Amino acid sequence: MLLRAGPPAGQPVVPPRGGYEGVVRPMSPAEDSVGELTLEALLSQSPLGLHIFDADLRLVRLNPATAAMRGRDARELVGHPLRDVFPLEDPDAVEALARSVLADGRPVLERRVRAFTDPPPAPARTYSVSFFRLRSQAGTVHGLAAAVVDVTELAAAEAGSQVLGAVRTRVGGSLETVDICRELADVLAGGMADAVVVEVVDALMTGDDPPLFPTPDLVALHGTAVRLRGTGPATGPLGSSHVPDAASPFGLALMQGRPVTVRPAGGEAWLPATADHAAALGGATPVAVLVAPFVLRGASLGLVTMYRREGSPAFTDDDGALAATVADYVALCLDNSRRYTREHAVAATVQRRFLPRAPQSAAGLEIAQGYLPTHRASGGWYDVIPLPGSRTALVIGEVDGQGIHTAATMGQLRTALRCLASLDLEPDELLARLDETTRQLAAERRALPAADPLREHPLTASCLCAVYDPASGTLAAARAGSPGLVLVSPDGALADVDLPDGPTLGTSETAPFAAMRMPVPHGTVLALTTPALYTALGSRGLHAGLVPPGRALREQCDRLLLSSGHAGRAGAVILLLGRAAGLDRDATADWVLDADERAPARARSLVRAQLGHWGVREEAVYATELVVSELVTNVVRYGDPPCRLRLINADRLSVEVSDGEASSPHLRHARTTDEGGRGLYIVSQLADRWGVRFAATGKTVWVEQVVAEDRSWEQQ
């Protein structure tokens with residue numbers, strides 16, 4: 001009787017769509033004979049591996065194609081259970097699958113299973129198996145039919161396509177060299193090897209040009225990723241670096257620029273090559289090693305080493321071809337990373353050169369500053385600018401954007417701000433003029449050729465400027481853009497600082513800038529931050545890092561930078577701290593003079609007495625007397641009362657003469673026949689620097705000299 005596949009007993013036969021009509025009818029003797037002949041031809045001539053099992057899953061019959069696949073006589077297998085016909089990799093799962101088909105009649109089509117044609121450690125082969133139930137016309141279940149096709153090569157090709165697809169999908173999303181190597185190791189350790197080690201030439205880590213291929217001497221390789229099958233994400237770099245031996249697979253792959261496959265016998269000198277390779281092998285000798293170099297445009301970028309351990313098959317020629325394709329793709333990713341690293345290094349160098357290098361100092365103010373390098377060079381900067389009258393301008397700002405163009409623009413704005421600060425402007429007026437400069441630079445950027453990508457990048461910046469006056473113990477501050485000023489009083493309390501809003505530099509906003517003046521007692525800590533750091537920590541977080549107030553300012557600065565987390569992803573992370581120390585009570589002298597002909601002589605007398613009290617050298621006393629005499633004389637002749645004279649003895653000697661006239665004096669070059677006009681010229685020759693500062697009413701002419709105290713009495 002012919003066995004045929006059908007639905008479970010007791011269930012009607014459902015005709016296939018577009019097929020026959022009616023129900024099963026008994027076969028005639030002629031049809032039964034044709035069916036027997038058909039089955040016989042199928043079993044003897046089909047290229048597929050056909051197996052017939054009884055209801056107990058014992059082999060009843062199989063065709064010669066199956067015997068050819070196994071290289072054994074088919075008669076040796078008849079009567080064996082299903083799990084013994086092939087040495088299955090997972091016999092329990094396959095047997096359970098077959099019994100489920102016997103039970104419910106639902107066929108299983110093209111299920112992939114793995115079995116061994118030769119005993120382990122020979123590699124397993126992959127088969128495509130289809131199961132369907134056999135039953136008689138009466139509905140009796142007689143057994144199971146299995147169609148088996150060896151698809152090992154097809155499975156290997158599909159696996160290779162999956163690996164290549166995974167590499168193209170998952171590798172190269174980052175421009176960091178280490179990230180690219182880790183992504184590659186993660187993909188290959190899951191689909192192509194049991195352990196993977198990725199190494200690159202040192203030039204890739206610094207953005208330099210890689211060595212040309214082939215190199216006369218082998219170059220050093222730097223370990224960047226190690227991954228074992230079944231473990232977590234790739235680790236590394238582990239810090240190992242080595243120059244491969246020319247007689248090793250690594251050296252051969254680098255010198256010839258092609259994948260190299262080796263089956264180690266054990267005890268090779270190059271195995272393991274470094275600590276990274278030792279970690280990948282775990283003390284065992286691999287059954288196969290495949291080394292593929294990263295070569296691009298005639299340059300060697302590194303290589304990837306894949307290991308297969310005992311129980312895994314050796315690498316084939318197809319594996320070598322796949323490794324070469326993967327290496328070519330990864331070489332492109334690594335070269336992009338190298339170019340990015342070089343650009344980042346150049347931009348970071350530009351930014352670093354534009355920032356103050358030496359530790360900053362200021363009269364009556366303790367300074368500490370620090371910044372964290374960001375993922376890409378940013379436009380953040382800080383500055384400490386000495387101003388007349390022993391005042392100090394603290395500035396922190398950031399140009400929006402990243403890269404070398406942003407860093408260069410930052411340098412332009414910082415230089416412009418320093419020039420504007422020399423005019424001794426109030427913080428709000430200084431920001432207003434810096435805004436004009438930013439707009440001019442933005443207009444130049446928009447005028448670039450259409451092909452220049454920088455043309456489409458808007459130019460905006462934020463800036464915070466605070467001027468500390470140690471003589472009066474006050475702070476005047478203004479901001480453009482985000483807030484970033486925090487004050488902590490000497491008792492550790494957070495001072496309320498609500499600076500008026502100011503428009504971001506370079507925007508079309510027309511709102512005016514406004515300054516705020518506040519008292520700053522001795523011991524107050526000032527914190528100026530970039531927007532990213534202020535957003536990450538907030539005023540409360542900054543306050544927490546600045547208490548207790550007596551702690552070293554450098555330590556507080558480092559503490560806040562370390563607590564900033566991932567603020568660098570949002571922009572520059574820069575912190576500028578200052579602790580107000582003020583000036584000694586005896587460091588200033590202030591007088592109001594009557595603006596008459598006796599004022600210059602009175603001024604000289606007061607100055608000589610005060611400088612003698614301070615112990616200033618005689619030659620400096622004489623020069624200061626002359627300066628004061630000329631300035632007071634100008635007030636008497638051309639100015640308006642009141643006439644005010646102030647001396648400040650801090651890191652330099654400052655002379656300030658104020659009056660109520662707003663007109664600015666001008667330096668003249670008198671002729672030999674002129675009787676006057678040499679006053680400011682004499683002042684300019686005696687002073688280290690001088691200038692004019694305007695106020696709401698009147699002006700102040702200031703002169704600074706660097707003088708030394710007279711300590712000759714100490715030697716007597």
# chains A, B, ... in the order shown; residues from 1 in each chain; ligands from 1

call {"tool": "closest_atom_pairs", "arguments": {"of": "range 551-575 of chain A", "to": "range 363-385 of chain A", "cutoff": "6 Å", "atoms": "only C-alpha atoms", "output": "Markdown table"}}
result
| residue | atom | partner | partner_atom | distance |
| --- | --- | --- | --- | --- |
| A:Arg554 | CA | A:Ala368 | CA | 5.5 |
| A:Gly568 | CA | A:Thr374 | CA | 5.0 |
| A:Ala572 | CA | A:Gly380 | CA | 5.3 |
| A:Val573 | CA | A:Leu372 | CA | 5.5 |
| A:Ile574 | CA | A:Tyr371 | CA | 4.2 |
| A:Leu575 | CA | A:Gly370 | CA | 5.5 |

call {"tool": "select_by_dssp", "arguments": {"residues": "range 341-537 of chain A", "states": "strand (DSSP E)", "output": "PyMOL selection string"}}
result
chain A and resi 365-372+378-387+391-402+461-469+474-480+485-488+494-495+516-519+525-529

call {"tool": "select_by_dssp", "arguments": {"residues": "range 393-636 of chain A", "states": "helix (DSSP H, G or I)", "output": "PyMOL selection string"}}
result
chain A and resi 404-421+427-446+453-456+531-545+553-562+567-569+585-587+599-614+618-636

call {"tool": "residues_around", "arguments": {"residues": "range 458-462 of chain A", "least_positions_apart": "6", "cutoff": "7 Å", "atoms": "only C-alpha atoms", "output": "list of chain:residue names"}}
result
A:Gly397, A:Glu398, A:Val399, A:Asp400, A:Ala442, A:Ala480, A:Gly481, A:Ser482, A:Thr504, A:Leu505, A:Gly506, A:Thr507

call {"tool": "residues_around", "arguments": {"residues": "Asp590 in chain A", "least_positions_apart": "2", "cutoff": "9 Å", "atoms": "only C-alpha atoms", "output": "list of chain:residue names"}}
result
A:Thr588, A:Val592, A:Arg644, A:Leu645, A:Arg646, A:Leu647, A:Ile648

call {"tool": "write_last_selection", "arguments": {"atoms": "N, CA and C atoms", "output": "PDB file, in the first residue's frame"}}
result
ATOM      1  N   THR A 588      45.646 102.900  49.324  1.00  0.00           N
ATOM      2  CA  THR A 588      45.044 103.959  48.517  1.00  0.00           C
ATOM      3  C   THR A 588      45.091 105.281  49.281  1.00  0.00           C
ATOM      4  N   VAL A 592      40.576 115.625  47.437  1.00  0.00           N
ATOM      5  CA  VAL A 592      39.828 116.567  46.596  1.00  0.00           C
ATOM      6  C   VAL A 592      40.518 117.924  46.725  1.00  0.00           C
ATOM      7  N   ARG A 644      39.880 115.820  41.649  1.00  0.00           N
ATOM      8  CA  ARG A 644      40.113 114.718  42.585  1.00  0.00           C
ATOM      9  C   ARG A 644      41.401 114.005  42.205  1.00  0.00           C
ATOM     10  N   LEU A 645      42.231 113.738  43.205  1.00  0.00           N
ATOM     11  CA  LEU A 645      43.500 113.041  43.013  1.00  0.00           C
ATOM     12  C   LEU A 645      43.485 111.758  43.836  1.00  0.00           C
ATOM     13  N   ARG A 646      43.822 110.637  43.180  1.00  0.00           N
ATOM     14  CA  ARG A 646      43.858 109.359  43.889  1.00  0.00           C
ATOM     15  C   ARG A 646      45.124 108.608  43.514  1.00  0.00           C
ATOM     16  N   LEU A 647      45.753 107.999  44.529  1.00  0.00           N
ATOM     17  CA  LEU A 647      46.909 107.125  44.345  1.00  0.00           C
ATOM     18  C   LEU A 647      46.536 105.718  44.808  1.00  0.00           C
ATOM     19  N   ILE A 648      46.965 104.730  44.032  1.00  0.00           N
ATOM     20  CA  ILE A 648      46.737 103.328  44.381  1.00  0.00           C
ATOM     21  C   ILE A 648      48.066 102.605  44.271  1.00  0.00           C
TER      22      ILE A 648
END

call {"tool": "atom_distance", "arguments": {"atom1": "CA of Val148 in chain A", "atom2": "CA of Leu50 in chain A"}}
result
6.3 Å

call {"tool": "closest_residue", "arguments": {"among": "A:Ala603, A:Ala195, A:Leu583, A:Leu423", "to": "Gly691 in chain A", "atoms": "only C-alpha atoms"}}
result
A:Leu423

call {"tool": "decode", "arguments": {"residues": "range 249-323 of chain A", "atoms": "C-alpha atoms", "output": "CSV table (one decimal), in the first residue's frame"}}
result
chain,number,residue,atom,x,y,z
A,249,PRO,CA,51.4,36.0,10.1
A,250,PHE,CA,51.0,39.6,11.2
A,251,GLY,CA,54.2,40.7,9.4
A,252,LEU,CA,53.4,38.6,6.3
A,253,ALA,CA,49.9,40.2,6.1
A,254,LEU,CA,51.4,43.7,6.5
A,255,MET,CA,54.2,43.2,4.0
A,256,GLN,CA,52.1,41.5,1.3
A,257,GLY,CA,48.8,43.5,1.9
A,258,ARG,CA,46.6,40.4,1.8
A,259,PRO,CA,44.8,38.1,4.3
A,260,VAL,CA,47.0,35.3,5.7
A,261,THR,CA,45.5,32.0,7.0
A,262,VAL,CA,47.5,29.7,9.3
A,263,ARG,CA,46.8,26.5,11.2
A,264,PRO,CA,49.1,26.6,14.2
A,265,ALA,CA,50.6,23.3,15.4
A,266,GLY,CA,51.4,24.8,18.8
A,267,GLY,CA,54.6,26.4,20.2
A,268,GLU,CA,55.0,29.0,17.5
A,269,ALA,CA,57.1,31.9,18.6
A,270,TRP,CA,54.6,34.5,17.5
A,271,LEU,CA,51.8,32.9,19.4
A,272,PRO,CA,50.7,34.8,21.4
A,273,ALA,CA,52.2,38.1,20.1
A,274,THR,CA,51.1,40.5,22.9
A,275,ALA,CA,49.0,40.7,26.0
A,276,ASP,CA,45.9,41.4,23.8
A,277,HIS,CA,46.4,38.2,21.8
A,278,ALA,CA,47.0,36.3,25.0
A,279,ALA,CA,43.7,37.5,26.4
A,280,ALA,CA,42.0,36.5,23.2
A,281,LEU,CA,43.4,33.0,23.3
A,282,GLY,CA,43.1,32.3,27.0
A,283,GLY,CA,46.1,30.0,27.1
A,284,ALA,CA,44.8,27.7,24.4
A,285,THR,CA,46.3,27.0,20.9
A,286,PRO,CA,43.8,28.1,18.2
A,287,VAL,CA,42.9,25.7,15.4
A,288,ALA,CA,43.1,28.5,12.8
A,289,VAL,CA,44.3,32.1,12.5
A,290,LEU,CA,43.2,34.6,9.9
A,291,VAL,CA,45.0,37.9,9.7
A,292,ALA,CA,43.6,40.6,7.4
A,293,PRO,CA,45.4,44.0,6.9
A,294,PHE,CA,43.8,47.4,6.6
A,295,VAL,CA,45.3,48.9,3.4
A,296,LEU,CA,44.0,52.0,1.7
A,297,ARG,CA,45.6,54.1,-1.1
A,298,GLY,CA,49.0,52.4,-0.6
A,299,ALA,CA,49.1,53.0,3.1
A,300,SER,CA,49.0,50.4,5.9
A,301,LEU,CA,46.5,51.3,8.7
A,302,GLY,CA,46.6,48.2,10.8
A,303,LEU,CA,45.1,44.7,10.8
A,304,VAL,CA,42.5,42.4,12.4
A,305,THR,CA,43.4,38.9,13.7
A,306,MET,CA,40.7,36.3,14.0
A,307,TYR,CA,41.1,33.1,16.0
A,308,ARG,CA,39.0,29.9,15.9
A,309,ARG,CA,39.3,27.5,18.8
A,310,GLU,CA,39.0,23.8,19.1
A,311,GLY,CA,35.5,22.6,17.8
A,312,SER,CA,35.3,25.3,15.1
A,313,PRO,CA,36.2,24.7,11.5
A,314,ALA,CA,39.4,26.1,9.9
A,315,PHE,CA,39.2,29.2,7.8
A,316,THR,CA,38.5,28.6,4.1
A,317,ASP,CA,39.3,30.6,1.0
A,318,ASP,CA,35.9,32.1,1.1
A,319,ASP,CA,36.6,33.3,4.7
A,320,GLY,CA,39.8,34.9,3.4
A,321,ALA,CA,37.9,36.7,0.6
A,322,LEU,CA,35.3,37.9,3.1
A,323,ALA,CA,37.9,39.1,5.5
